[in-house]
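*Asks:* Structure in structure tokens, see below.
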Amino acid sequence: MKENLSLYIHIPFCVQKCLYCDFPSWGGCENEHENYVKSLCDEIKQSASQFKDYNVDTIFMGGGTPTIL
């Protein structure tokens, strides 16, 4: 039986940084959205074989404004 794995995908395009957030974030970078998503997809594809023995049961998208994409 495969072990469960939870993923966190950070979307770093917050307009304002929350006081409790330790993740990187940038506002006013709308021109970088498409490149970020492409790079994120490439990284997922390249890393997939490392996690073949896991069952991804949760994917959390955060960063303040993941719906911006």
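Residues in the structure tokens are numbered from 1 in each chain, the chains being A, B, ... in the order shown, and ligands are numbered from 1 in the order shown.
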Can you pull out the residues contacting Glu30 of chain A? Cut-off 10 Å, using only C-alpha atoms, and skip same-chain residues under 2 positions away; I want them as a list in words.

*Replies:*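 Skipping anything fewer than 2 positions along the chain leaves Phe13, Trp26, Gly27, Gly28, Glu32, His33, Glu34, Ile68 and Leu69 of chain A.
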
*Asks:* Hey, can you spit out that residue selection with N, CA, C and O atoms as a CSV table (one decimal), in the first residue's frame?

*Replies:*
chain,number,residue,atom,x,y,z
A,13,PHE,N,2.2,35.6,-5.7
A,13,PHE,CA,1.9,36.8,-6.3
A,13,PHE,C,0.9,37.7,-5.4
A,13,PHE,O,0.0,38.2,-5.9
A,26,TRP,N,5.5,38.4,-4.2
A,26,TRP,CA,5.8,39.6,-5.0
A,26,TRP,C,4.4,40.1,-5.6
A,26,TRP,O,3.7,39.3,-6.1
A,27,GLY,N,4.2,41.4,-5.5
A,27,GLY,CA,3.1,42.0,-6.2
A,27,GLY,C,3.5,42.7,-7.4
A,27,GLY,O,4.7,43.0,-7.6
A,28,GLY,N,2.6,42.9,-8.3
A,28,GLY,CA,2.9,43.7,-9.5
A,28,GLY,C,3.7,42.9,-10.6
A,28,GLY,O,4.4,43.5,-11.4
A,32,GLU,N,4.7,37.7,-15.0
A,32,GLU,CA,5.5,36.4,-14.7
A,32,GLU,C,4.5,35.2,-14.4
A,32,GLU,O,5.0,34.1,-14.2
A,33,HIS,N,3.2,35.5,-14.4
A,33,HIS,CA,2.3,34.4,-14.1
A,33,HIS,C,2.5,33.2,-15.0
A,33,HIS,O,2.6,32.0,-14.5
A,34,GLU,N,2.5,33.4,-16.3
A,34,GLU,CA,2.6,32.3,-17.2
A,34,GLU,C,3.9,31.5,-17.1
A,34,GLU,O,3.9,30.3,-17.1
A,68,ILE,N,-5.6,34.1,-8.3
A,68,ILE,CA,-5.1,35.1,-9.3
A,68,ILE,C,-4.7,34.5,-10.6
A,68,ILE,O,-4.8,35.1,-11.6
A,69,LEU,N,-4.4,33.2,-10.5
A,69,LEU,CA,-4.0,32.5,-11.7
A,69,LEU,C,-5.2,31.9,-12.5
A,69,LEU,O,-5.1,31.5,-13.5

*Asks:* Rounded to one decimal, what separation in Å do you get between atom CA of Met61 of chain A and atom CA of Ser49 of chain A?

*Replies:* 21.4 Å

*Asks:* Measure the distance from atom CA of Leu7 of chain A to atom CA of Val56 of chain A in Å and round it to one decimal.

*Replies:* 7.3 Å

*Asks:* Write out as a CSV table (one decimal) with N, CA and C atoms, in the first residue's frame the set of residues from chain A that DSSP, computed on the backbone, places in alpha helix (DSSP H).

*Replies:*
chain,number,residue,atom,x,y,z
A,33,HIS,N,3.2,35.5,-14.4
A,33,HIS,CA,2.3,34.4,-14.1
A,33,HIS,C,2.5,33.2,-15.0
A,34,GLU,N,2.5,33.4,-16.3
A,34,GLU,CA,2.6,32.3,-17.2
A,34,GLU,C,3.9,31.5,-17.1
A,35,ASN,N,5.0,32.3,-16.9
A,35,ASN,CA,6.3,31.6,-16.8
A,35,ASN,C,6.3,30.8,-15.5
A,36,TYR,N,5.7,31.3,-14.4
A,36,TYR,CA,5.7,30.6,-13.1
A,36,TYR,C,4.9,29.3,-13.3
A,37,VAL,N,3.8,29.3,-13.9
A,37,VAL,CA,3.0,28.1,-14.0
A,37,VAL,C,3.7,27.1,-14.9
A,38,LYS,N,4.3,27.5,-16.0
A,38,LYS,CA,5.1,26.6,-16.8
A,38,LYS,C,6.3,26.0,-16.0
A,39,SER,N,7.0,26.8,-15.3
A,39,SER,CA,8.1,26.3,-14.5
A,39,SER,C,7.6,25.3,-13.4
A,40,LEU,N,6.5,25.6,-12.8
A,40,LEU,CA,5.9,24.8,-11.8
A,40,LEU,C,5.5,23.4,-12.4
A,41,CYS,N,4.9,23.4,-13.5
A,41,CYS,CA,4.5,22.2,-14.2
A,41,CYS,C,5.7,21.4,-14.6
A,42,ASP,N,6.8,22.1,-15.1
A,42,ASP,CA,8.0,21.4,-15.5
A,42,ASP,C,8.6,20.7,-14.2
A,43,GLU,N,8.6,21.4,-13.1
A,43,GLU,CA,9.2,20.8,-11.9
A,43,GLU,C,8.4,19.6,-11.4
A,44,ILE,N,7.1,19.7,-11.5
A,44,ILE,CA,6.3,18.6,-11.1
A,44,ILE,C,6.6,17.3,-12.0
A,45,LYS,N,6.7,17.6,-13.3
A,45,LYS,CA,7.0,16.5,-14.2
A,45,LYS,C,8.3,15.9,-13.9
A,46,GLN,N,9.3,16.7,-13.7
A,46,GLN,CA,10.7,16.2,-13.4
A,46,GLN,C,10.8,15.5,-12.1
A,47,SER,N,10.0,15.9,-11.1
A,47,SER,CA,10.1,15.3,-9.8
A,47,SER,C,9.2,14.0,-9.6

*Asks:* Name all residues at most 6 Å from Ile11 of chain A (count only C-alpha atoms; drop same-chain ones fewer than 2 positions away) and give them as a PyMOL selection string.

*Replies:* chain A and resi 13+62-63+66

*Asks:* For all heavy atoms, I'd like the residues from the last selection saved as a PDB file, in the first residue's frame.

*Replies:*
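After the write, out_19.pdb holds the following:
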ATOM      1  N   PHE A  13       2.212  35.556  -5.693  1.00  0.00           N
ATOM      2  CA  PHE A  13       1.881  36.848  -6.277  1.00  0.00           C
ATOM      3  C   PHE A  13       0.934  37.668  -5.400  1.00  0.00           C
ATOM      4  O   PHE A  13      -0.046  38.219  -5.872  1.00  0.00           O
ATOM      5  CB  PHE A  13       1.305  36.653  -7.676  1.00  0.00           C
ATOM      6  CG  PHE A  13       2.251  35.949  -8.594  1.00  0.00           C
ATOM      7  CD1 PHE A  13       1.984  34.669  -9.031  1.00  0.00           C
ATOM      8  CD2 PHE A  13       3.424  36.548  -8.990  1.00  0.00           C
ATOM      9  CE1 PHE A  13       2.863  34.007  -9.870  1.00  0.00           C
ATOM     10  CE2 PHE A  13       4.320  35.898  -9.826  1.00  0.00           C
ATOM     11  CZ  PHE A  13       4.036  34.621 -10.268  1.00  0.00           C
ATOM     12  N   GLY A  62      -1.624  27.679  -2.005  1.00  0.00           N
ATOM     13  CA  GLY A  62      -1.661  28.828  -1.115  1.00  0.00           C
ATOM     14  C   GLY A  62      -0.756  29.944  -1.588  1.00  0.00           C
ATOM     15  O   GLY A  62      -0.219  29.924  -2.680  1.00  0.00           O
ATOM     16  N   GLY A  63      -0.578  30.878  -0.706  1.00  0.00           N
ATOM     17  CA  GLY A  63       0.238  32.025  -1.012  1.00  0.00           C
ATOM     18  C   GLY A  63      -0.566  33.313  -0.965  1.00  0.00           C
ATOM     19  O   GLY A  63      -0.124  34.350  -1.414  1.00  0.00           O
ATOM     20  N   PRO A  66      -3.981  32.386  -4.650  1.00  0.00           N
ATOM     21  CA  PRO A  66      -3.840  31.400  -5.721  1.00  0.00           C
ATOM     22  C   PRO A  66      -4.891  31.555  -6.810  1.00  0.00           C
ATOM     23  O   PRO A  66      -4.655  31.151  -7.945  1.00  0.00           O
ATOM     24  CB  PRO A  66      -3.964  30.059  -5.016  1.00  0.00           C
ATOM     25  CG  PRO A  66      -4.618  30.331  -3.729  1.00  0.00           C
ATOM     26  CD  PRO A  66      -4.265  31.742  -3.366  1.00  0.00           C
TER      27      PRO A  66
END
